[in-house]
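See structure below.
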Amino acid sequence: MKFFSSIILTAILAYALGLYTTLPWWGFAITSFVVALRIHQTPFKSFLSGFLGLFLLWVVLATIIDINNEHILATKVAQILPLGGSYMAVIGLTGLLGGLVSGFASLAASYSRKA
Amino acid sequence: MRIVPFIISALVATGLIIVLNLQLPVGGNKTPRLGYFLSPQIGFWQNAESVNTNYNNDIKLTGLESKVEVYIDDRLVPHIYADQENDAYYVQGYLHAKFRLWQMEFQTHLAGGRVSEIFGKERLYVDRFFRRLGMVYGAENTQEYVEKNNPEMKSSIEAYAKGVNAYISSLKPEQIPFEYKLLDYQPEAWSAKKTYLFQMFMSYDLTGRGASTDLQMTNAKNYFGYQDFNQLFSNIKDSLDPIIPKGTVYAKPSINPIMPKDVDSAYLNNNAPNTTATAPFIPNKNNGSNNWAVAGSKTKSGRPILCNDPHLGLNMPSLWYELQITTPTHSTYGASFPGSPAVIIGFNDSIAWGVTNAGRDVLDYYEMKFKDSSKQEYWYNGAWKKATTRKEVIKVKDSADQVEDIAMTVFGPVMYDNMYKNSSTEGKYLALRWTAHEASKGLLPFYLLNRARNYDDYLVAISNWYNTGQNFVFASKTGDIAIKQQAAFVARWSRQGDFIMPGIDSSYAWQGMIPTEENPMIKNPIRGFVSSANQESTDTSYPYYLGAGSNFPIYRGIIINRMLTAMNAITPTDMQLLQMNNYHVFAEMARPVLLKYLSKASLNAEEKKYVDILANWNLNADINEKGATVFNAIWDSTEAAIYKDEFAAAKLNLGWPDDPILLESLLRDSAYTFIDNIGTSNKMETIDDVVLEGLKKAVTKLAALEKENKLEWGKFKDTKVVHWLKIPALSRMHLPIGGGRHMINATTEDHGPSWRMIVHLTDEIEAYCVYPGGQNGNPGSKYYDTFIDSWANGKYYQILFLKKEDAPKHKKVKWLMTFTQA
């Protein structure tokens, strides 16, 4: 239960941050840190829920945009980056980068607590 | 707290953020800041527009005088209805920015020598070149003049700037165009000055070749000597069919430019040891265009039809943005420049107009003698004269500013000097005189053409056009057709300004500008049409020197006039087919020369195969024609066989003579001097030898092409429309389209008809257009490249020229944007 609620909380707070603040793109690292600080979990679970919270958020957001866009821009970006022209790869990379930053922020939070 | 793992994981998180927040160098380029770029809430994903985007909007802004309605049709073309003139331009600015902001700013950064601010010192050479060319200087001069003398133009440009800025300030960080995110910078405020810079950008594109060709020609003249030069770069073209028909009688000139007495020793035969710089880049040689108008006597309807297709670099987003502007004074439709108010090529409810480049020489170099390298004083008319200095400060991303101190002389800025040189200039001081530097009325002629109702209005409008020579074609509902070559043209003596001129006194200075009434023009000719395709505007009976012949391609003009002469009962569809015509009139004239000499040679089986393809070719450069590729290869190799020995030996930047010169030399004289290979001292090559040598070289190339399955003209030419940043993913590659150099459909690899327009001046105007791009400059929009396939296939869109009352209910109108005062 803690695991799922921290995933969801991580995602919701990151989304709200993007919506209501003008913090830079990595602002969610702060909320992910706070979530992991408040919801006690093992370091591994903290990392995973932090990771998944952002991974899922960014993948879902990117996928919705991408479907509405009929893959036009993601396909072009996938040639520029280069990711072989695969919009799926761009979505995956988007989720992965967001997830990693969030996951390590959560992990740090988890270690910062008393064991 | 577990200190060590905490520190490690905190460091990893911070490290990731830092790395993903940096532009990383990859293979000479830089990545975007990946974390930012990929963030779905602020990064590039925000530019991935829904394909079902609803453009309906009620926009409240400050600076409007009254309400403006914009109906947007299914091709995303806006139809602007405003009660106030300035409101129309305000909204035009807003819409240009909404759909083309990045491009507008990029083009004016380029013109203003500011791309180093984006790219850093690797592009400093671009900025230095443009600053030294006087791009900012020219923009300032015209801005100052217009703001003093043309209040209507001033307020239009300012209203336009306000509209652009209204859009920019409405942007949230996540809404900035894609390219800003990719390159990691921010849009800045727009200003009236940028509109003037944009005009300099066009002046450069259309007449800036002279900044390089004058240097190349000087090199060639000095190297070969004037006599040989004059044969190689002859101004005589037997096959020329000028814009104003041959045999026209011209009035006595009001200016008789006097050739300096020492022209032989100090200019033509002054074979000073070389010499000159070359520009780091040069506007495309093929920048040109076609336009024509046919009178009612030649059309099915009895009403004139006007056509125009300007040939420019094929870029994405397009140089053009299509729109309609309707106010109480005028209703005008056509192609506009993002960056400028009003319509540039188009029509209104009374008249239509179009432009082609005149190709006249409006740019000269003078060699200056300075007292010393401080460039404070120069020798002029027998005394030391003080030079002023213009400081151009170039900001460079991640580096110190670069300052250009440019000496200003009576002729203009000293472009090349001891601080700006390359191995071949070595301390020469070359001042530039260019009409684009001089104060002019800017866009006023277009502002007036938008509102012109008849022939007289047209003449008045274009008489205000000063900077770069254009051929303005005209047709009216009342049945008039006309064409006039217009600009302030220098009254030149023969060969004046083709080479660097001595600048130590006024004897080589410009002696006057040709009065506009003496510019070549023709109205309602008996032949029933007027046309231009960048060829010489007149035959040699015109009393003024037009400039070096290499400025004027002649073959499109020949075929256009031939076709129009033969056509009758013309319809807009016929005109569409003519704009897409791929007939290779140059090949028609050159092929017999090649075949004549090849027929005598003994050829092997492979050579014979290609010669047969050439002989059996239908002379149309359609996409599947192999003959066009074969002709191209054999001609180019023959040309190389003739000239390469002489030109390579010079070890200088020399432009090669143009196709008509070589062809006509071969037609006139099979013993053309340059046929002999100067590398073979014991043998005198004949024309048979060089054509055969050309064939042999061509066959090697052709066989390789055939192996790659690229012998068909379309595949060989491989046309593309390229994003300004040259990124293939943002471009459209491998487009199936025929045509090419010398053909009416002048589409080369990356250059060609950038806007095709046909206007039938019936009571309700019937007009067609297409351009290689799309209305929305966002690569994430489905409207980014909407028209490209139609353009390649020769399909046109019928233009919706809508009266305000018909707009709301028209089935092709999809959206309504209203603009009201906040």
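Starting from 1 in every chain, residues are counted up; chains themselves are A, B, ... following the order of the structure tokens, and ligands are numbered from 1 as listed.
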Can you tell me, as a VMD selection string, what residues are no more than 6 Å from segment 14-31 of chain A when counting only C-alpha atoms, ignoring any on the same chain fewer than 4 positions away?
(chain A and resid 102 105) or (chain B and resid 36 41)
Just the residues within 10 Å of Phe586 of chain B, please, counting only C-alpha atoms, with nothing from its chain fewer than 6 positions along; format it as an MDAnalysis selection string.
chainID B and resid 554:556 558:559 619 659:660 663 741:743
Atoms to include: C-alpha atoms. Write the selected residues as an mmCIF file, in the first residue's frame.
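File written: result.cif
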data_model
loop_
_atom_site.group_PDB
_atom_site.id
_atom_site.type_symbol
_atom_site.label_atom_id
_atom_site.label_comp_id
_atom_site.auth_asym_id
_atom_site.auth_seq_id
_atom_site.Cartn_x
_atom_site.Cartn_y
_atom_site.Cartn_z
ATOM 1 C CA ILE B 554 18.691 33.253 -70.769
ATOM 2 C CA TYR B 555 17.125 29.868 -71.414
ATOM 3 C CA ARG B 556 13.960 30.071 -69.314
ATOM 4 C CA ILE B 558 13.532 31.690 -74.459
ATOM 5 C CA ILE B 559 11.205 28.793 -73.738
ATOM 6 C CA LEU B 619 14.275 16.689 -74.091
ATOM 7 C CA ASP B 659 26.531 27.713 -70.282
ATOM 8 C CA PRO B 660 25.379 30.071 -73.038
ATOM 9 C CA LEU B 663 27.578 26.699 -76.167
ATOM 10 C CA ARG B 741 18.374 24.745 -64.217
ATOM 11 C CA HIS B 742 17.436 26.406 -67.528
ATOM 12 C CA MET B 743 13.904 24.991 -67.332
#
Show me which bits of chain B are within 6 Å of chain A, counting only C-alpha atoms, as a ChimeraX atom specification.
/B:1-2,6,9-10,13,36,38,40-41,48-51,729,780
From the DSSP assignment of the backbone, select every residue of chain A that is alpha helix (DSSP H), and format the answer as a PyMOL selection string.
chain A and resi 2-20+28-38+43-68+72-80+87-112
Excluding Thr10 of chain A and its own-chain neighbours fewer than 5 positions away, which residues fall within 7 Å of it when counting only C-alpha atoms? Please give them as an MDAnalysis selection string.
chainID A and resid 31:32 35 50 53:54
So which residues touch segment 349-354 of chain B within 10 Å, counting only C-alpha atoms, skipping near sequence neighbours fewer than 6 positions away, as a ChimeraX atom specification?
/B:289-293,304-310,330-334,446,449-455,457-458,470-483,757-765,801
Restricting it to C-alpha atoms, dump the selection as a tab-separated table (two decimals), in the first residue's frame.
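File produced: selection.tsv:
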chain	number	residue	atom	x	y	z
B	289	SER	CA	12.20	33.63	-61.05
B	290	ASN	CA	9.61	33.50	-63.78
B	291	ASN	CA	6.72	35.83	-64.24
B	292	TRP	CA	4.41	36.55	-67.10
B	293	ALA	CA	1.00	37.95	-67.86
B	304	PRO	CA	-5.73	38.54	-68.40
B	305	ILE	CA	-3.94	35.82	-66.45
B	306	LEU	CA	-0.86	36.66	-64.37
B	307	CYS	CA	1.66	34.08	-63.20
B	308	ASN	CA	4.70	34.22	-60.95
B	309	ASP	CA	7.07	31.71	-59.43
B	310	PRO	CA	10.05	33.15	-57.58
B	330	HIS	CA	-8.31	47.22	-49.83
B	331	SER	CA	-8.70	43.48	-50.00
B	332	THR	CA	-5.46	41.74	-50.87
B	333	TYR	CA	-4.33	38.13	-51.02
B	334	GLY	CA	-0.97	36.55	-51.55
B	446	PHE	CA	4.44	46.79	-51.73
B	449	LEU	CA	0.68	47.70	-54.62
B	450	ASN	CA	-1.55	46.09	-51.99
B	451	ARG	CA	-3.86	49.08	-52.52
B	452	ALA	CA	-3.36	49.70	-56.25
B	453	ARG	CA	-6.50	49.79	-58.40
B	454	ASN	CA	-5.10	50.22	-61.89
B	455	TYR	CA	-2.07	50.60	-64.11
B	457	ASP	CA	-1.35	53.13	-59.33
B	458	TYR	CA	0.99	50.27	-60.18
B	470	GLN	CA	13.03	43.65	-59.80
B	471	ASN	CA	10.83	42.98	-62.82
B	472	PHE	CA	7.34	43.88	-61.69
B	473	VAL	CA	4.68	42.18	-63.79
B	474	PHE	CA	1.16	43.54	-63.72
B	475	ALA	CA	-2.34	42.67	-64.90
B	476	SER	CA	-5.68	44.27	-64.15
B	477	LYS	CA	-9.32	43.31	-64.36
B	478	THR	CA	-9.72	46.11	-66.88
B	479	GLY	CA	-7.48	44.19	-69.26
B	480	ASP	CA	-4.08	45.88	-68.97
B	481	ILE	CA	-0.89	43.88	-68.76
B	482	ALA	CA	2.57	45.34	-68.23
B	483	ILE	CA	6.06	44.65	-67.02
B	757	MET	CA	0.80	31.67	-58.25
B	758	ILE	CA	-1.70	32.02	-61.09
B	759	VAL	CA	-4.28	34.80	-61.05
B	760	HIS	CA	-7.10	34.92	-63.57
B	761	LEU	CA	-8.52	38.44	-63.51
B	762	THR	CA	-12.15	37.58	-63.98
B	763	ASP	CA	-14.93	39.51	-62.20
B	764	GLU	CA	-14.65	37.19	-59.23
B	765	ILE	CA	-10.91	36.57	-59.22
B	801	PHE	CA	-10.54	35.04	-51.82
Using only C-alpha atoms, pick whichever of B:Val593, B:Ala641, B:Ala439, B:Leu692 has the shortest atom-to-atom distance to Leu667 of chain B.
B:Val593
Pull the strand (DSSP E or B) assignments for segment 321-403 of chain B out of DSSP run on the backbone, and list those residues as an MDAnalysis selection string.
chainID B and resid 321:326 331:336 345:348 351:357 363:368 370 377:380 383:386 388:394 402:403
Go ahead and write the residues just picked, N, CA and C atoms, as a short mmCIF file (atom, residue, chain, number, x, y, z; two decimals), in the first residue's frame.
data_model
loop_
_atom_site.label_atom_id
_atom_site.label_comp_id
_atom_site.auth_asym_id
_atom_site.auth_seq_id
_atom_site.Cartn_x
_atom_site.Cartn_y
_atom_site.Cartn_z
N TYR B 321 4.48 33.13 -46.31
CA TYR B 321 3.30 32.80 -45.50
C TYR B 321 2.10 33.41 -46.23
N GLU B 322 1.12 32.55 -46.48
CA GLU B 322 0.00 32.95 -47.33
C GLU B 322 -1.08 33.59 -46.47
N LEU B 323 -1.70 34.66 -46.95
CA LEU B 323 -2.81 35.24 -46.20
C LEU B 323 -3.64 36.20 -47.03
N GLN B 324 -4.79 36.54 -46.47
CA GLN B 324 -5.64 37.58 -47.04
C GLN B 324 -5.76 38.69 -46.03
N ILE B 325 -5.65 39.94 -46.51
CA ILE B 325 -5.85 41.10 -45.63
C ILE B 325 -6.96 41.95 -46.23
N THR B 326 -8.01 42.14 -45.47
CA THR B 326 -9.12 42.97 -45.95
C THR B 326 -9.38 44.09 -44.96
N SER B 331 -8.61 44.89 -50.33
CA SER B 331 -8.70 43.48 -50.00
C SER B 331 -7.66 42.76 -50.84
N THR B 332 -6.64 42.23 -50.17
CA THR B 332 -5.46 41.74 -50.87
C THR B 332 -5.12 40.33 -50.39
N TYR B 333 -4.66 39.52 -51.33
CA TYR B 333 -4.33 38.13 -51.02
C TYR B 333 -2.98 37.81 -51.62
N GLY B 334 -2.22 36.98 -50.94
CA GLY B 334 -0.97 36.55 -51.55
C GLY B 334 0.03 36.03 -50.56
N ALA B 335 1.30 36.08 -50.98
CA ALA B 335 2.38 35.57 -50.16
C ALA B 335 3.02 36.73 -49.42
N SER B 336 3.17 36.56 -48.12
CA SER B 336 3.82 37.60 -47.31
C SER B 336 5.12 37.02 -46.76
N ILE B 345 3.80 39.28 -52.93
CA ILE B 345 3.39 38.86 -54.27
C ILE B 345 1.93 38.45 -54.18
N GLY B 346 1.07 39.03 -55.00
CA GLY B 346 -0.33 38.65 -54.86
C GLY B 346 -1.25 39.45 -55.75
N PHE B 347 -2.47 39.65 -55.25
CA PHE B 347 -3.48 40.33 -56.04
C PHE B 347 -4.47 40.97 -55.09
N ASN B 348 -5.22 41.93 -55.59
CA ASN B 348 -6.36 42.44 -54.82
C ASN B 348 -7.60 42.35 -55.71
N ILE B 351 -6.32 44.25 -59.28
CA ILE B 351 -5.08 43.98 -60.02
C ILE B 351 -4.33 42.80 -59.41
N ALA B 352 -3.33 42.33 -60.17
CA ALA B 352 -2.41 41.31 -59.65
C ALA B 352 -1.00 41.74 -60.01
N TRP B 353 -0.02 41.32 -59.22
CA TRP B 353 1.37 41.65 -59.53
C TRP B 353 2.29 40.52 -59.10
N GLY B 354 3.47 40.51 -59.69
CA GLY B 354 4.46 39.51 -59.31
C GLY B 354 5.85 40.09 -59.58
N VAL B 355 6.87 39.42 -59.08
CA VAL B 355 8.23 39.94 -59.25
C VAL B 355 9.21 38.84 -59.66
N THR B 356 10.20 39.26 -60.43
CA THR B 356 11.38 38.42 -60.65
C THR B 356 12.60 39.29 -60.41
N ASN B 357 13.72 38.64 -60.24
CA ASN B 357 14.95 39.38 -59.99
C ASN B 357 15.47 39.96 -61.30
N LEU B 363 26.07 46.61 -57.07
CA LEU B 363 27.09 46.49 -56.02
C LEU B 363 28.48 46.54 -56.64
N ASP B 364 29.31 47.45 -56.18
CA ASP B 364 30.66 47.59 -56.72
C ASP B 364 31.70 47.68 -55.61
N TYR B 365 32.93 47.30 -55.98
CA TYR B 365 34.06 47.47 -55.07
C TYR B 365 35.00 48.57 -55.57
N TYR B 366 35.56 49.30 -54.63
CA TYR B 366 36.61 50.27 -54.95
C TYR B 366 37.83 49.96 -54.11
N GLU B 367 38.98 49.95 -54.75
CA GLU B 367 40.21 49.72 -53.99
C GLU B 367 40.71 51.05 -53.44
N MET B 368 40.85 51.10 -52.13
CA MET B 368 41.19 52.34 -51.45
C MET B 368 42.68 52.35 -51.08
N PHE B 370 44.90 53.73 -48.14
CA PHE B 370 44.91 54.36 -46.81
C PHE B 370 46.33 54.81 -46.47
N GLU B 377 42.86 57.81 -42.63
CA GLU B 377 42.81 58.71 -43.78
C GLU B 377 43.06 57.94 -45.06
N TYR B 378 42.35 58.32 -46.12
CA TYR B 378 42.56 57.67 -47.42
C TYR B 378 42.74 58.73 -48.49
N TRP B 379 43.41 58.35 -49.53
CA TRP B 379 43.76 59.27 -50.61
C TRP B 379 42.57 59.39 -51.55
N TYR B 380 42.09 60.62 -51.72
CA TYR B 380 40.92 60.79 -52.58
C TYR B 380 40.98 62.14 -53.26
N ALA B 383 44.09 64.34 -52.20
CA ALA B 383 44.35 64.77 -50.82
C ALA B 383 43.98 63.63 -49.87
N TRP B 384 44.54 63.73 -48.65
CA TRP B 384 44.15 62.74 -47.64
C TRP B 384 42.80 63.13 -47.06
N LYS B 385 41.89 62.19 -47.05
CA LYS B 385 40.53 62.46 -46.57
C LYS B 385 40.28 61.60 -45.33
N LYS B 386 39.63 62.19 -44.35
CA LYS B 386 39.37 61.46 -43.10
C LYS B 386 38.28 60.41 -43.32
N THR B 388 35.57 57.87 -41.41
CA THR B 388 34.95 57.62 -40.11
C THR B 388 35.03 56.12 -39.83
N THR B 389 34.75 55.76 -38.60
CA THR B 389 34.79 54.33 -38.27
C THR B 389 33.44 53.89 -37.75
N ARG B 390 32.99 52.78 -38.25
CA ARG B 390 31.76 52.20 -37.75
C ARG B 390 32.13 50.98 -36.93
N LYS B 391 31.65 50.94 -35.71
CA LYS B 391 31.97 49.82 -34.82
C LYS B 391 30.84 48.80 -34.87
N GLU B 392 31.15 47.59 -35.16
CA GLU B 392 30.15 46.52 -35.12
C GLU B 392 30.58 45.54 -34.04
N VAL B 393 29.78 45.43 -33.01
CA VAL B 393 30.12 44.52 -31.91
C VAL B 393 29.30 43.23 -32.06
N ILE B 394 30.02 42.14 -32.19
CA ILE B 394 29.36 40.85 -32.34
C ILE B 394 29.44 40.10 -31.01
N GLN B 402 33.36 40.06 -30.38
CA GLN B 402 34.25 40.35 -31.50
C GLN B 402 33.87 41.74 -32.01
N VAL B 403 34.87 42.62 -32.10
CA VAL B 403 34.57 43.97 -32.55
C VAL B 403 35.14 44.19 -33.95
#
Nearby residues (only C-alpha atoms) at most 8 Å from segment 5-9 of chain A, same-chain spacing under 3 positions excluded, as a PyMOL selection string:
chain A and resi 1-2+12-13+35-36+39+49-50+52-53
Residues just named, written with C-alpha atoms as a compact mmCIF listing (two decimals), in the first residue's frame:
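Below you can see out19.txt, which holds the result:
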# COMPACT_ATOMS: atom_id res chain seq x y z
CA MET A 1 0.00 0.00 0.00
CA LYS A 2 2.79 2.38 0.97
CA ILE A 12 0.80 13.74 -8.67
CA LEU A 13 3.17 16.16 -6.98
CA VAL A 35 7.59 11.91 -0.60
CA ALA A 36 10.29 9.34 0.18
CA ILE A 39 6.61 7.55 3.38
CA SER A 49 8.54 3.95 -6.24
CA GLY A 50 10.39 7.20 -6.94
CA LEU A 52 8.10 4.46 -11.24
CA GLY A 53 6.25 7.58 -10.15
Give me, as a PDB file with N, CA and C atoms, in the first residue's frame, all polymer residues having an atom no more than 12 Å from Ser170 of chain B, counting only C-alpha atoms and skipping those fewer than 3 positions away in the same chain.
ATOM      1  N   ILE B  59      -9.051  36.504 -28.558  1.00  0.00           N
ATOM      2  CA  ILE B  59      -7.793  36.995 -28.021  1.00  0.00           C
ATOM      3  C   ILE B  59      -7.950  38.459 -27.637  1.00  0.00           C
ATOM      4  N   LYS B  60      -7.597  38.749 -26.405  1.00  0.00           N
ATOM      5  CA  LYS B  60      -7.701  40.136 -25.933  1.00  0.00           C
ATOM      6  C   LYS B  60      -6.297  40.700 -25.790  1.00  0.00           C
ATOM      7  N   LEU B  61      -6.049  41.803 -26.482  1.00  0.00           N
ATOM      8  CA  LEU B  61      -4.703  42.370 -26.503  1.00  0.00           C
ATOM      9  C   LEU B  61      -4.772  43.876 -26.362  1.00  0.00           C
ATOM     10  N   THR B  62      -3.660  44.441 -25.942  1.00  0.00           N
ATOM     11  CA  THR B  62      -3.629  45.901 -25.904  1.00  0.00           C
ATOM     12  C   THR B  62      -2.967  46.410 -27.181  1.00  0.00           C
ATOM     13  N   TYR B  94       0.980  39.321 -35.357  1.00  0.00           N
ATOM     14  CA  TYR B  94       0.643  38.312 -34.356  1.00  0.00           C
ATOM     15  C   TYR B  94       0.623  36.917 -34.998  1.00  0.00           C
ATOM     16  N   ALA B  97       4.007  35.603 -36.003  1.00  0.00           N
ATOM     17  CA  ALA B  97       4.732  35.139 -34.825  1.00  0.00           C
ATOM     18  C   ALA B  97       4.167  33.805 -34.340  1.00  0.00           C
ATOM     19  N   LYS B  98       2.853  33.711 -34.333  1.00  0.00           N
ATOM     20  CA  LYS B  98       2.232  32.488 -33.831  1.00  0.00           C
ATOM     21  C   LYS B  98       2.669  31.286 -34.655  1.00  0.00           C
ATOM     22  N   GLY B 163       2.207  43.642 -32.858  1.00  0.00           N
ATOM     23  CA  GLY B 163       1.495  42.361 -32.961  1.00  0.00           C
ATOM     24  C   GLY B 163       2.422  41.187 -32.677  1.00  0.00           C
ATOM     25  N   VAL B 164       3.633  41.264 -33.235  1.00  0.00           N
ATOM     26  CA  VAL B 164       4.602  40.193 -32.984  1.00  0.00           C
ATOM     27  C   VAL B 164       4.884  40.125 -31.485  1.00  0.00           C
ATOM     28  N   ASN B 165       5.106  41.277 -30.890  1.00  0.00           N
ATOM     29  CA  ASN B 165       5.440  41.301 -29.465  1.00  0.00           C
ATOM     30  C   ASN B 165       4.264  40.891 -28.582  1.00  0.00           C
ATOM     31  N   ALA B 166       3.038  41.201 -29.046  1.00  0.00           N
ATOM     32  CA  ALA B 166       1.877  40.752 -28.279  1.00  0.00           C
ATOM     33  C   ALA B 166       1.876  39.233 -28.198  1.00  0.00           C
ATOM     34  N   TYR B 167       2.230  38.600 -29.295  1.00  0.00           N
ATOM     35  CA  TYR B 167       2.283  37.137 -29.259  1.00  0.00           C
ATOM     36  C   TYR B 167       3.435  36.657 -28.382  1.00  0.00           C
ATOM     37  N   PRO B 173       6.627  29.636 -20.905  1.00  0.00           N
ATOM     38  CA  PRO B 173       7.930  29.035 -21.225  1.00  0.00           C
ATOM     39  C   PRO B 173       7.798  27.754 -22.057  1.00  0.00           C
ATOM     40  N   GLU B 174       6.768  26.948 -21.782  1.00  0.00           N
ATOM     41  CA  GLU B 174       6.649  25.681 -22.500  1.00  0.00           C
ATOM     42  C   GLU B 174       6.140  25.874 -23.934  1.00  0.00           C
ATOM     43  N   GLN B 175       5.698  27.108 -24.244  1.00  0.00           N
ATOM     44  CA  GLN B 175       5.118  27.313 -25.573  1.00  0.00           C
ATOM     45  C   GLN B 175       6.093  27.866 -26.600  1.00  0.00           C
ATOM     46  N   ILE B 176       7.336  28.118 -26.230  1.00  0.00           N
ATOM     47  CA  ILE B 176       8.268  28.668 -27.213  1.00  0.00           C
ATOM     48  C   ILE B 176       8.509  27.635 -28.309  1.00  0.00           C
ATOM     49  N   PRO B 187      13.383  33.345 -27.222  1.00  0.00           N
ATOM     50  CA  PRO B 187      13.022  34.440 -28.138  1.00  0.00           C
ATOM     51  C   PRO B 187      13.184  35.790 -27.460  1.00  0.00           C
ATOM     52  N   ALA B 189      12.395  40.219 -27.812  1.00  0.00           N
ATOM     53  CA  ALA B 189      11.339  41.090 -28.333  1.00  0.00           C
ATOM     54  C   ALA B 189      11.628  41.432 -29.790  1.00  0.00           C
TER      55      ALA B 189
END
Need to verify the contact set: Ala111 of chain B, 12 Å, only C-alpha atoms, exclusion of same-chain residues closer than 2 positions in sequence. Can you return it as a PDB file with C-alpha atoms, in the first residue's frame?
ATOM      1  CA  MET B 104      11.487  35.298 -38.281  1.00  0.00           C
ATOM      2  CA  GLU B 105      13.991  35.800 -35.555  1.00  0.00           C
ATOM      3  CA  PHE B 106      16.564  33.462 -37.067  1.00  0.00           C
ATOM      4  CA  GLN B 107      16.500  35.136 -40.480  1.00  0.00           C
ATOM      5  CA  THR B 108      16.930  38.572 -38.952  1.00  0.00           C
ATOM      6  CA  HIS B 109      19.690  37.304 -36.658  1.00  0.00           C
ATOM      7  CA  GLY B 113      25.193  39.221 -37.966  1.00  0.00           C
ATOM      8  CA  ARG B 114      24.013  37.730 -34.693  1.00  0.00           C
ATOM      9  CA  VAL B 115      24.035  33.961 -35.111  1.00  0.00           C
ATOM     10  CA  VAL B 126      28.986  34.285 -40.832  1.00  0.00           C
ATOM     11  CA  ASP B 127      28.418  37.265 -38.574  1.00  0.00           C
ATOM     12  CA  ARG B 128      31.664  38.968 -39.515  1.00  0.00           C
ATOM     13  CA  PHE B 129      30.799  38.640 -43.179  1.00  0.00           C
ATOM     14  CA  PHE B 130      27.332  40.129 -42.805  1.00  0.00           C
ATOM     15  CA  ARG B 131      28.448  42.928 -40.513  1.00  0.00           C
ATOM     16  CA  ARG B 132      31.256  43.894 -42.871  1.00  0.00           C
ATOM     17  CA  LEU B 133      28.902  43.698 -45.811  1.00  0.00           C
ATOM     18  CA  GLY B 134      27.016  46.542 -44.138  1.00  0.00           C
ATOM     19  CA  MET B 135      23.758  44.719 -43.492  1.00  0.00           C
ATOM     20  CA  VAL B 136      23.027  46.581 -40.266  1.00  0.00           C
ATOM     21  CA  TYR B 137      24.259  49.843 -41.745  1.00  0.00           C
ATOM     22  CA  GLY B 138      21.829  49.529 -44.669  1.00  0.00           C
ATOM     23  CA  ALA B 139      18.910  48.578 -42.434  1.00  0.00           C
ATOM     24  CA  LYS B 193      14.449  47.405 -37.048  1.00  0.00           C
ATOM     25  CA  LYS B 194      14.104  43.686 -37.668  1.00  0.00           C
ATOM     26  CA  THR B 195      11.713  44.321 -40.524  1.00  0.00           C
ATOM     27  CA  TYR B 196      14.406  46.469 -42.129  1.00  0.00           C
ATOM     28  CA  LEU B 197      16.998  43.794 -41.457  1.00  0.00           C
ATOM     29  CA  PHE B 198      14.758  41.284 -43.152  1.00  0.00           C
ATOM     30  CA  GLN B 199      14.640  43.498 -46.197  1.00  0.00           C
ATOM     31  CA  MET B 200      18.444  43.555 -46.208  1.00  0.00           C
ATOM     32  CA  PHE B 201      18.341  39.766 -46.031  1.00  0.00           C
ATOM     33  CA  MET B 202      16.325  39.720 -49.254  1.00  0.00           C
ATOM     34  CA  SER B 203      18.562  42.367 -50.833  1.00  0.00           C
ATOM     35  CA  TYR B 204      21.532  40.193 -50.032  1.00  0.00           C
ATOM     36  CA  ASP B 205      19.879  37.059 -51.372  1.00  0.00           C
ATOM     37  CA  GLY B 208      24.645  39.962 -52.880  1.00  0.00           C
ATOM     38  CA  GLY B 339       9.069  39.529 -40.701  1.00  0.00           C
TER      39      GLY B 339
END
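Coordinates place atom CA of Ser46 of chain A at a distance of 7.8 Å from atom CA of Phe3 of chain A.
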How far is it from atom CA of Asp58 of chain B to atom CA of Trp815 of chain B, in Å with one decimal?
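Between atom CA of Asp58 of chain B and atom CA of Trp815 of chain B the gap works out to 11.1 Å.
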Closest to Leu702 of chain B among B:Ser731, B:Ser637, B:Ser506, B:Ser301, using only C-alpha atoms?
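Smallest separation from Leu702 of chain B among the options: B:Ser637.
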